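The file work-v4.cif contains mmCIF, C-alpha atoms:
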data_data
#
loop_
_atom_site.label_atom_id
_atom_site.label_comp_id
_atom_site.auth_asym_id
_atom_site.auth_seq_id
_atom_site.Cartn_x
_atom_site.Cartn_y
_atom_site.Cartn_z
CA ALA W 607 139.59 127.87 107.66
CA SER W 608 136.22 127.73 109.37
CA SER W 609 133.84 130.64 109.03
CA PHE W 610 132.93 132.87 111.91
CA SER W 611 130.17 135.29 112.73
CA ILE W 612 129.42 137.99 115.25
CA SER W 613 125.95 139.10 116.21
CA ILE W 614 125.41 141.94 118.67
CA PRO W 615 121.84 142.02 120.04
CA THR W 616 120.61 145.46 120.40
CA LEU W 617 103.37 136.17 92.26
CA SER W 618 101.14 134.60 90.35
CA LEU W 619 102.16 136.45 87.14
CA SER W 620 103.14 139.85 88.42
CA PRO W 621 102.60 143.08 86.46
CA PRO W 622 106.36 143.37 85.83
CA LYS W 623 106.37 139.92 84.28
CA ALA W 624 103.24 140.78 82.31
CA MET W 625 104.91 143.96 81.04
CA VAL W 626 107.92 142.01 79.89
CA ALA W 627 105.74 139.36 78.30
CA MET W 628 103.73 142.03 76.51
CA PHE W 629 106.95 143.58 75.16
CA ILE W 630 108.14 140.19 73.98
CA ASN W 631 104.85 139.35 72.32
CA LYS W 632 104.86 142.61 70.42
CA THR W 633 108.42 142.29 69.26
CA MET W 634 108.29 138.62 68.32
CA VAL W 635 106.56 139.50 65.04
CA LEU W 636 109.53 141.66 64.08
CA SER W 637 112.68 140.36 62.53
CA PRO W 638 115.49 139.40 64.94
CA ILE W 639 117.58 142.30 63.66
CA VAL W 640 114.83 144.87 64.31
CA THR W 641 114.15 143.36 67.72
CA ALA W 642 117.83 143.59 68.65
CA ILE W 643 117.99 147.21 67.51
CA LEU W 644 114.92 148.14 69.53
CA GLY W 645 116.33 146.41 72.59
CA LEU W 646 119.63 148.22 72.18
CA CYS W 647 117.88 151.57 71.88
CA LEU W 648 116.01 150.92 75.13
CA VAL W 649 119.25 149.97 76.87
CA LEU W 650 121.20 152.98 75.62
CA ALA W 651 118.48 155.57 76.12
CA GLY W 652 119.15 157.94 78.98
CA ALA W 653 115.55 158.12 80.13
CA ASP W 654 114.06 158.50 83.61
CA LEU W 655 114.07 155.41 85.81
CA GLN W 656 111.69 152.77 84.53
CA ARG W 657 109.06 151.70 87.05
CA PHE W 658 107.57 148.24 87.54
CA GLU W 659 104.54 147.40 89.66
CA HIS W 660 104.67 144.31 91.83
CA PRO W 661 101.65 143.49 94.02
CA ALA W 662 101.97 142.76 97.70
CA LYS W 663 100.18 139.80 99.28
CA PRO W 664 96.44 140.12 99.94
CA ASP W 665 97.20 141.13 103.54
CA GLY W 666 99.49 143.93 102.27
CA SER W 667 102.75 142.27 103.32
CA LEU W 668 105.83 141.41 101.27
CA SER W 669 108.38 138.64 101.56
CA VAL W 670 111.60 139.15 99.61
CA MET W 671 114.79 137.11 99.25
CA VAL W 672 118.17 138.70 98.47
CA ILE W 673 121.18 136.93 96.96
CA GLY W 674 124.38 138.30 95.48
CA ASP W 675 127.65 137.27 93.84
CA TRP W 676 126.45 133.87 92.75
CA GLY W 677 126.88 132.75 89.11
CA ARG W 678 129.49 129.95 89.10
CA ARG W 679 127.69 127.08 87.34
CA GLY W 680 126.84 125.58 90.74
CA SER W 681 130.39 125.50 92.09
CA HIS W 682 131.74 127.05 95.31
CA ASN W 683 128.54 125.93 97.06
CA GLN W 684 126.26 127.92 94.76
CA SER W 685 124.00 124.87 94.39
CA GLU W 686 123.93 124.31 98.15
CA VAL W 687 122.95 127.93 98.78
CA ALA W 688 120.26 127.63 96.09
CA PHE W 689 118.88 124.51 97.79
CA GLN W 690 118.43 126.33 101.10
CA MET W 691 116.97 129.34 99.31
CA GLY W 692 114.31 127.02 97.95
CA ILE W 693 113.46 125.66 101.40
CA ILE W 694 113.30 129.06 103.11
CA GLY W 695 111.55 130.60 100.13
CA GLY W 696 108.79 128.01 100.47
CA LYS W 697 108.40 128.60 104.19
CA LEU W 698 108.17 132.36 103.76
CA ASP W 699 106.12 132.25 100.54
CA ILE W 700 108.45 134.80 98.98
CA ASP W 701 107.05 137.27 96.46
CA PHE W 702 110.23 137.88 94.50
CA ILE W 703 114.03 137.60 94.59
CA ILE W 704 116.57 140.43 94.38
CA SER W 705 120.04 139.84 92.97
CA THR W 706 122.65 142.36 94.05
CA GLY W 707 124.84 141.65 91.02
CA ASP W 708 127.90 139.72 89.88
CA ASN W 709 125.43 137.36 88.29
CA PHE W 710 127.93 135.50 86.09
CA TYR W 711 131.60 134.84 86.92
CA ASP W 712 134.26 135.60 86.09
CA ASN W 713 133.55 137.80 83.11
CA GLY W 714 129.80 138.15 82.71
CA LEU W 715 128.11 136.68 79.66
CA THR W 716 129.68 136.45 76.23
CA GLY W 717 126.32 137.20 74.61
CA ILE W 718 122.63 136.38 74.67
CA ASN W 719 123.31 132.74 73.73
CA ASP W 720 125.94 132.10 76.39
CA PRO W 721 125.15 128.72 78.04
CA ALA W 722 126.28 130.21 81.36
CA PHE W 723 122.84 131.79 81.66
CA ASP W 724 121.27 128.37 81.94
CA GLU W 725 124.16 126.70 83.74
CA SER W 726 124.44 129.40 86.44
CA PHE W 727 120.82 130.55 86.71
CA SER W 728 117.99 128.52 85.15
CA LYS W 729 119.39 125.09 86.06
CA ILE W 730 120.49 126.12 89.57
CA TYR W 731 117.51 127.93 91.08
CA THR W 732 114.99 125.20 90.31
CA ALA W 733 112.96 125.00 93.54
CA PRO W 734 109.24 125.77 93.13
CA SER W 735 109.49 128.66 95.58
CA LEU W 736 112.17 130.35 93.44
CA GLN W 737 110.02 130.41 90.29
CA LYS W 738 109.16 134.03 91.00
CA GLN W 739 110.30 137.28 89.45
CA TRP W 740 114.02 137.97 89.81
CA TYR W 741 114.97 141.66 89.88
CA THR W 742 118.66 141.97 89.13
CA VAL W 743 121.37 144.59 88.74
CA LEU W 744 124.79 144.42 87.12
CA GLY W 745 127.97 143.96 89.14
CA ASN W 746 131.53 144.73 88.10
CA HIS W 747 132.09 141.16 86.89
CA ASP W 748 128.99 141.47 84.69
CA TYR W 749 130.48 144.54 83.03
CA ARG W 750 133.58 142.51 82.11
CA GLY W 751 131.50 140.61 79.55
CA ASP W 752 128.69 141.65 77.22
CA ALA W 753 126.76 143.83 79.65
CA LEU W 754 124.00 144.49 77.14
CA ALA W 755 123.30 140.75 76.91
CA GLN W 756 122.07 140.66 80.51
CA LEU W 757 119.81 143.65 79.81
CA SER W 758 118.30 142.03 76.71
CA PRO W 759 114.63 140.95 76.71
CA ILE W 760 115.81 137.90 74.78
CA LEU W 761 117.02 136.44 78.10
CA THR W 762 113.51 136.89 79.46
CA LYS W 763 112.30 134.73 76.58
CA ARG W 764 114.74 132.05 77.74
CA ASP W 765 113.66 132.32 81.38
CA SER W 766 110.62 134.44 82.21
CA ARG W 767 111.89 135.09 85.76
CA TRP W 768 114.77 137.23 84.54
CA LEU W 769 114.58 141.03 84.62
CA CYS W 770 117.78 143.07 84.57
CA LEU W 771 118.17 146.78 83.89
CA ARG W 772 120.88 149.23 84.87
CA SER W 773 118.72 151.33 87.21
CA TYR W 774 114.98 151.12 87.83
CA ILE W 775 112.21 151.10 90.44
CA VAL W 776 109.99 148.31 91.72
CA HIS W 777 106.85 149.68 93.34
CA ALA W 778 105.51 146.99 95.67
CA GLU W 779 102.76 148.97 97.41
CA ILE W 780 104.13 149.33 100.96
CA ALA W 781 107.73 149.43 99.73
CA GLU W 782 109.55 150.96 96.81
CA ILE W 783 112.86 149.44 95.80
CA PHE W 784 115.28 151.59 93.83
CA PHE W 785 117.91 149.68 91.87
CA VAL W 786 121.05 151.72 91.15
CA ASP W 787 123.85 150.94 88.69
CA THR W 788 126.90 151.36 90.94
CA THR W 789 129.73 149.93 88.84
CA PRO W 790 130.35 153.15 86.85
CA PHE W 791 131.03 154.97 90.14
CA GLN W 792 134.28 153.04 90.66
CA ASP W 793 137.23 155.06 89.33
CA LYS W 794 139.61 152.12 89.13
CA TYR W 795 137.52 150.34 86.51
CA PHE W 796 138.27 153.25 84.19
CA THR W 797 141.92 153.82 85.12
CA GLU W 798 143.43 150.37 85.79
CA LEU W 799 142.95 149.20 82.22
CA GLU W 800 145.62 146.52 82.33
CA ASP W 801 143.58 144.39 84.73
CA HIS W 802 140.26 143.91 82.94
CA THR W 803 138.20 145.11 80.00
CA TYR W 804 134.76 146.57 80.73
CA ASP W 805 131.76 147.03 78.47
CA TRP W 806 130.98 150.73 78.82
CA ARG W 807 128.43 150.95 75.99
CA GLY W 808 125.66 153.26 77.17
CA ILE W 809 127.79 154.66 80.02
CA LEU W 810 130.09 157.14 78.26
CA PRO W 811 130.51 160.02 78.72
CA ARG W 812 130.78 158.79 82.28
CA GLU W 813 130.33 162.04 84.21
CA GLU W 814 127.15 162.85 82.31
CA TYR W 815 125.82 159.35 82.95
CA LEU W 816 126.50 159.55 86.69
CA SER W 817 125.11 163.08 86.98
CA ASN W 818 121.86 162.08 85.28
CA LEU W 819 121.59 158.91 87.33
CA LEU W 820 122.03 160.73 90.63
CA LYS W 821 119.40 163.31 89.61
CA ASP W 822 116.97 160.57 88.63
CA VAL W 823 117.49 158.66 91.88
CA ASP W 824 117.14 161.82 93.98
CA LEU W 825 113.93 162.85 92.22
CA ALA W 826 112.42 159.38 92.43
CA LEU W 827 113.18 159.12 96.15
CA ARG W 828 111.76 162.59 96.84
CA GLU W 829 108.56 161.75 94.99
CA SER W 830 108.13 158.38 96.68
CA THR W 831 105.32 158.05 99.21
CA ALA W 832 106.09 154.43 100.07
CA LYS W 833 106.18 153.41 103.72
CA TRP W 834 109.57 151.78 103.22
CA LYS W 835 112.29 153.00 100.86
CA ILE W 836 114.96 150.47 99.93
CA VAL W 837 117.91 151.10 97.62
CA VAL W 838 119.78 148.22 95.98
CA GLY W 839 123.20 148.44 94.36
CA HIS W 840 126.04 146.03 93.74
CA HIS W 841 128.79 147.96 95.47
CA THR W 842 129.12 148.64 99.17
CA ILE W 843 128.60 152.02 100.77
CA ARG W 844 129.65 150.89 104.23
CA SER W 845 131.40 147.54 104.71
CA ALA W 846 133.94 145.87 106.96
CA GLY W 847 134.68 143.30 104.25
CA GLN W 848 137.56 143.02 101.82
CA HIS W 849 136.39 145.83 99.52
CA GLY W 850 135.41 148.18 102.34
CA ASP W 851 133.59 151.44 101.65
CA THR W 852 133.10 152.64 98.07
CA THR W 853 134.40 156.20 98.33
CA LYS W 854 132.47 157.71 95.45
CA LEU W 855 129.19 156.21 96.67
CA VAL W 856 129.85 157.61 100.13
CA THR W 857 130.45 161.04 98.61
CA LEU W 858 127.76 161.14 95.92
CA LEU W 859 124.99 158.63 96.70
CA LEU W 860 124.91 158.40 100.49
CA PRO W 861 123.86 162.05 101.04
CA ILE W 862 120.92 161.50 98.67
CA LEU W 863 119.82 158.41 100.60
CA GLN W 864 120.05 160.21 103.92
CA ALA W 865 118.26 163.32 102.67
CA ASN W 866 115.37 161.22 101.39
CA ASN W 867 114.94 159.04 104.48
CA VAL W 868 115.92 155.76 102.87
CA ASP W 869 115.51 152.87 105.30
CA LEU W 870 117.85 150.22 103.84
CA TYR W 871 120.77 150.11 101.44
CA VAL W 872 121.24 146.54 100.18
CA ASN W 873 124.36 145.44 98.27
CA GLY W 874 126.68 142.60 97.37
CA HIS W 875 130.31 142.91 96.13
CA ASP W 876 131.87 141.84 99.42
CA HIS W 877 131.45 138.06 99.54
CA CYS W 878 129.95 137.94 103.00
CA LEU W 879 126.78 138.62 104.98
CA GLU W 880 126.82 141.84 106.95
CA HIS W 881 124.75 144.43 108.80
CA ILE W 882 126.06 147.89 109.68
CA SER W 883 123.94 150.66 111.18
CA SER W 884 124.34 154.43 110.88
CA HIS W 885 125.39 156.69 113.71
CA ASP W 886 123.68 159.72 112.17
CA SER W 887 120.50 158.35 110.54
CA PRO W 888 118.13 155.35 110.61
CA LEU W 889 119.71 154.04 107.39
CA GLN W 890 120.95 150.44 107.61
CA PHE W 891 123.63 148.90 105.36
CA LEU W 892 122.98 145.24 104.49
CA THR W 893 125.38 143.09 102.48
CA SER W 894 124.14 139.89 100.85
CA GLY W 895 127.09 138.73 98.76
CA GLY W 896 127.37 135.11 99.86
CA GLY W 897 125.74 133.40 96.89
CA SER W 898 128.74 131.22 96.06
CA LYS W 899 132.45 131.83 96.66
CA ALA W 900 133.04 133.45 100.05
CA TRP W 901 136.14 135.10 101.48
CA ARG W 902 137.37 133.72 104.80
CA GLY W 903 138.67 136.32 107.22
CA GLY W 904 139.74 139.72 105.99
CA VAL W 905 137.25 141.60 108.14
CA ASN W 906 138.22 145.17 109.01
CA TRP W 907 136.71 145.56 112.44
CA TRP W 908 134.13 148.31 112.59
CA ASN W 909 132.83 150.52 115.38
CA PRO W 910 130.99 147.98 117.57
CA LYS W 911 128.17 150.47 118.06
CA GLU W 912 127.47 150.27 114.33
CA MET W 913 128.60 146.75 113.43
CA LYS W 914 125.61 144.54 114.13
CA PHE W 915 126.68 141.40 112.28
CA TYR W 916 129.42 139.99 110.05
CA TYR W 917 129.71 136.48 108.61
CA ASP W 918 132.47 135.42 106.23
CA GLY W 919 130.61 132.45 104.74
CA GLN W 920 127.95 131.72 102.17
CA GLY W 921 124.28 132.43 102.55
CA PHE W 922 121.47 134.84 101.75
CA MET W 923 119.07 137.34 103.28
CA THR W 924 115.32 137.78 103.56
CA MET W 925 113.13 140.81 104.18
CA GLN W 926 109.59 140.44 105.50
CA ILE W 927 107.81 143.76 105.24
CA THR W 928 104.50 145.03 106.61
CA GLN W 929 103.08 148.49 107.18
CA ALA W 930 104.36 148.37 110.75
CA ASP W 931 107.75 146.69 110.49
CA VAL W 932 110.49 145.13 108.42
CA ASP W 933 112.17 141.94 109.60
CA ILE W 934 115.65 141.13 108.28
CA LYS W 935 117.16 137.66 108.56
CA PHE W 936 120.48 136.26 107.36
CA TYR W 937 120.78 132.51 106.68
CA ASP W 938 123.80 130.29 106.23
CA ILE W 939 124.28 127.41 103.80
CA ILE W 940 122.39 124.91 105.98
CA GLY W 941 119.48 127.23 106.73
CA ASN W 942 120.46 128.47 110.18
CA VAL W 943 119.37 132.00 111.05
CA LEU W 944 122.63 133.79 111.82
CA HIS W 945 121.26 137.25 112.54
CA LYS W 946 117.90 138.98 112.67
CA TRP W 947 116.92 142.60 113.07
CA THR W 948 113.62 144.47 113.08
CA ALA W 949 112.68 148.08 112.41
CA THR W 950 109.24 149.45 113.21
CA LYS W 951 107.19 152.43 112.09
CA PRO W 952 103.82 153.73 113.28
CA LEU W 953 100.92 152.43 111.22
CA TYR W 954 99.76 155.95 110.53
CA SER W 955 101.81 159.10 110.10
CA PRO W 956 101.04 161.84 112.61
CA MET W 957 98.82 164.65 111.31
#

Show me this structure written as structure tokens.
Amino acid sequence: ASSFSISIPTLSLSPPKAMVAMFINKTMVLSPIVTAILGLCLVLAGADLQRFEHPAKPDGSLSVMVIGDWGRRGSHNQSEVAFQMGIIGGKLDIDFIISTGDNFYDNGLTGINDPAFDESFSKIYTAPSLQKQWYTVLGNHDYRGDALAQLSPILTKRDSRWLCLRSYIVHAEIAEIFFVDTTPFQDKYFTELEDHTYDWRGILPREEYLSNLLKDVDLALRESTAKWKIVVGHHTIRSAGQHGDTTKLVTLLLPILQANNVDLYVNGHDHCLEHISSHDSPLQFLTSGGGSKAWRGGVNWWNPKEMKFYYDGQGFMTMQITQADVDIKFYDIIGNVLHKWTATKPLYSPM
């Protein structure tokens, strides 16, 4: 079936990469066993959200690309999407790439030496414009394998672009991006055990993990003075796609985002491109889950006052951010702009 869409008008070496490189250089003198233990301790520690600094362009602007639900060794048009990402990334001079999760299908990585890392990532996103920092989160499919493998600094040794943590913050001067581990919020992954096995190391006890995470996210958002606040998670909060809303995120995370004046919530999980607005706040819900296999049809029609755009095909999203505005664009597999949207803010806050 053909795809359809609706659109209603209305770093040079970045500090994060340097940090990772510094960590690697320090640990390389240790034995592999000690290095693995240290990495595991960092992964399992229930500390505050780690923060990475990423510089904006000299003029203060940022250009960011967002892709989700992609890792299929080039199949299901993953390679074709990657090709267009390279073209658009060059035109926009992107600063970094965000992955909204489900990085490796169907069942994550088997370990740090899994060839799928190269076959689905390093050998696919080869364009010069995509040789930037990738900030990634885990999706539910990633948790079906060795979740700790994707969090390991050993993968950063294999490809210096790779950075994946459960939850963390990227401070990019005019914008702060808060990455949230959303998979543990889904009840069915813990109750429907006959379907799949999940790697919950570092997550249990679950309620304590979620409580601490929500407190950390709330505190970080309250303390943020960034002009633009963007939250990234794998799972949907609002979506007209196959998965629809994620009930627990609506109940537990959404009020925190609204209370802290978050501008954008960016996710994957539904294999589509989508933009839904809020009726009660400026918060926008943006889905970029078209990195490879897409789902034709299956849209659950939304309130037309809130549904700005839905496309059931493959593609990706970009965000161009300045002090005054943020421009969102969705692209299809041949580089057409399917939907664009702009939000503006005054250059200076009123006294």

Starting from the displayed file, determine the output of the PyMOL selection byres ((chain W and resi 817-830) around 7) and express the residue list as an MDAnalysis selection string. chainID W and resid 654:655 813:816 831:832 862 866

Find the residues of region 771-882 of chain W that sit at most 6 Å from region 699-709 of chain W; for each, write down the nearest two atoms and how far apart they are in Å, to one decimal. Count all atoms listed in the file. Sort by chain, then by number going up, and give it as CSV.
residue,atom,partner,partner_atom,distance
W:His840,CA,W:Thr706,CA,5.0
W:Asn873,CA,W:Thr706,CA,5.5
W:Gly874,CA,W:Thr706,CA,5.2

W:Gly695, W:Pro910, W:Pro664, W:Gly904: which is nearest Gly941 (chain W), counting all atoms listed in the file? W:Gly695

To test your reading of the syntax: which residues would the PyMOL selection byres ((chain W and resi 876-884) around 9) return for the file shown? Reply as a CSV table (one decimal) with C-alpha atoms, in the coordinates of the input.
chain,number,residue,atom,x,y,z
W,674,GLY,CA,124.4,138.3,95.5
W,675,ASP,CA,127.6,137.3,93.8
W,841,HIS,CA,128.8,148.0,95.5
W,842,THR,CA,129.1,148.6,99.2
W,844,ARG,CA,129.6,150.9,104.2
W,845,SER,CA,131.4,147.5,104.7
W,846,ALA,CA,133.9,145.9,107.0
W,847,GLY,CA,134.7,143.3,104.2
W,848,GLN,CA,137.6,143.0,101.8
W,849,HIS,CA,136.4,145.8,99.5
W,850,GLY,CA,135.4,148.2,102.3
W,873,ASN,CA,124.4,145.4,98.3
W,874,GLY,CA,126.7,142.6,97.4
W,875,HIS,CA,130.3,142.9,96.1
W,885,HIS,CA,125.4,156.7,113.7
W,886,ASP,CA,123.7,159.7,112.2
W,887,SER,CA,120.5,158.4,110.5
W,888,PRO,CA,118.1,155.4,110.6
W,889,LEU,CA,119.7,154.0,107.4
W,890,GLN,CA,121.0,150.4,107.6
W,891,PHE,CA,123.6,148.9,105.4
W,892,LEU,CA,123.0,145.2,104.5
W,893,THR,CA,125.4,143.1,102.5
W,894,SER,CA,124.1,139.9,100.8
W,895,GLY,CA,127.1,138.7,98.8
W,896,GLY,CA,127.4,135.1,99.9
W,897,GLY,CA,125.7,133.4,96.9
W,898,SER,CA,128.7,131.2,96.1
W,899,LYS,CA,132.4,131.8,96.7
W,900,ALA,CA,133.0,133.4,100.0
W,901,TRP,CA,136.1,135.1,101.5
W,902,ARG,CA,137.4,133.7,104.8
W,908,TRP,CA,134.1,148.3,112.6
W,911,LYS,CA,128.2,150.5,118.1
W,912,GLU,CA,127.5,150.3,114.3
W,913,MET,CA,128.6,146.8,113.4
W,914,LYS,CA,125.6,144.5,114.1
W,915,PHE,CA,126.7,141.4,112.3
W,916,TYR,CA,129.4,140.0,110.0
W,917,TYR,CA,129.7,136.5,108.6
W,918,ASP,CA,132.5,135.4,106.2
W,919,GLY,CA,130.6,132.4,104.7
W,920,GLN,CA,128.0,131.7,102.2
W,921,GLY,CA,124.3,132.4,102.6
W,922,PHE,CA,121.5,134.8,101.8
W,923,MET,CA,119.1,137.3,103.3
W,936,PHE,CA,120.5,136.3,107.4
W,937,TYR,CA,120.8,132.5,106.7
W,938,ASP,CA,123.8,130.3,106.2
W,945,HIS,CA,121.3,137.2,112.5

Exactly which residues make up the result of the PyMOL selection byres ((chain W and resi 762-772) around 7) on this file, given as a list in words?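 Matching residues under the PyMOL selection byres ((chain W and resi 762-772) around 7) are Ser728, Gln737, Lys738, Gln739, Trp740, Tyr741, Thr742, Val743, Leu744, Gln756, Leu757, Pro759, Ile760, Leu761, Ser773, Tyr774, Val786 and Asp787 of chain W.
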
Mind giving me the straight-line distance from CA of Ser667 (chain W) to CA of Glu779 (chain W) in Å, one decimal?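 Interatomic distance here is 8.9 Å.
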
Calculate how many Å separate CA of Gly677 (chain W) from CA of Ala722 (chain W), rounding to one decimal.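 Going from CA of Gly677 (chain W) over to CA of Ala722 (chain W) covers 8.2 Å.
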
Hey, can you check how far CA of Val932 (chain W) sits from CA of Asn746 (chain W)? 29.3 Å

Calculated over all atoms listed in the file, which of the candidates W:Ile730, W:Leu668, W:Ile694, W:Ile718 has the smallest distance to Ala778 (chain W)?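 For Ala778 (chain W), the nearest of the candidates is W:Leu668.
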
Compile the contact shell of Ala930 (chain W) as a list in words: residues with an atom at most 7 Å away, counting all atoms listed in the file, same-chain residues fewer than 6 positions apart removed. Thr950, Lys951, Pro952 and Leu953 of chain W

W:Ile693, W:Leu698, W:Ala688, W:Leu754: which is nearest Thr716 (chain W), counting all atoms listed in the file?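 Checking each candidate against Thr716 (chain W), we get W:Leu754 as the closest.
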
Distance criterion (all atoms listed in the file): nearest to Ala949 (chain W) out of W:Phe784, W:Trp834, W:Tyr795, W:Phe658: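 For Ala949 (chain W), the nearest of the candidates is W:Trp834.
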
Give, as AutoDock Vina command-line options, the centre coordinates and the x, y and z edge lengths in Å to one decimal for an axis-aligned box around all listed atoms of region 831-845 of chain W, padded by 3 Å on each side.
--center_x 118.4 --center_y 152.0 --center_z 99.2 --size_x 32.1 --size_y 18.0 --size_z 17.0
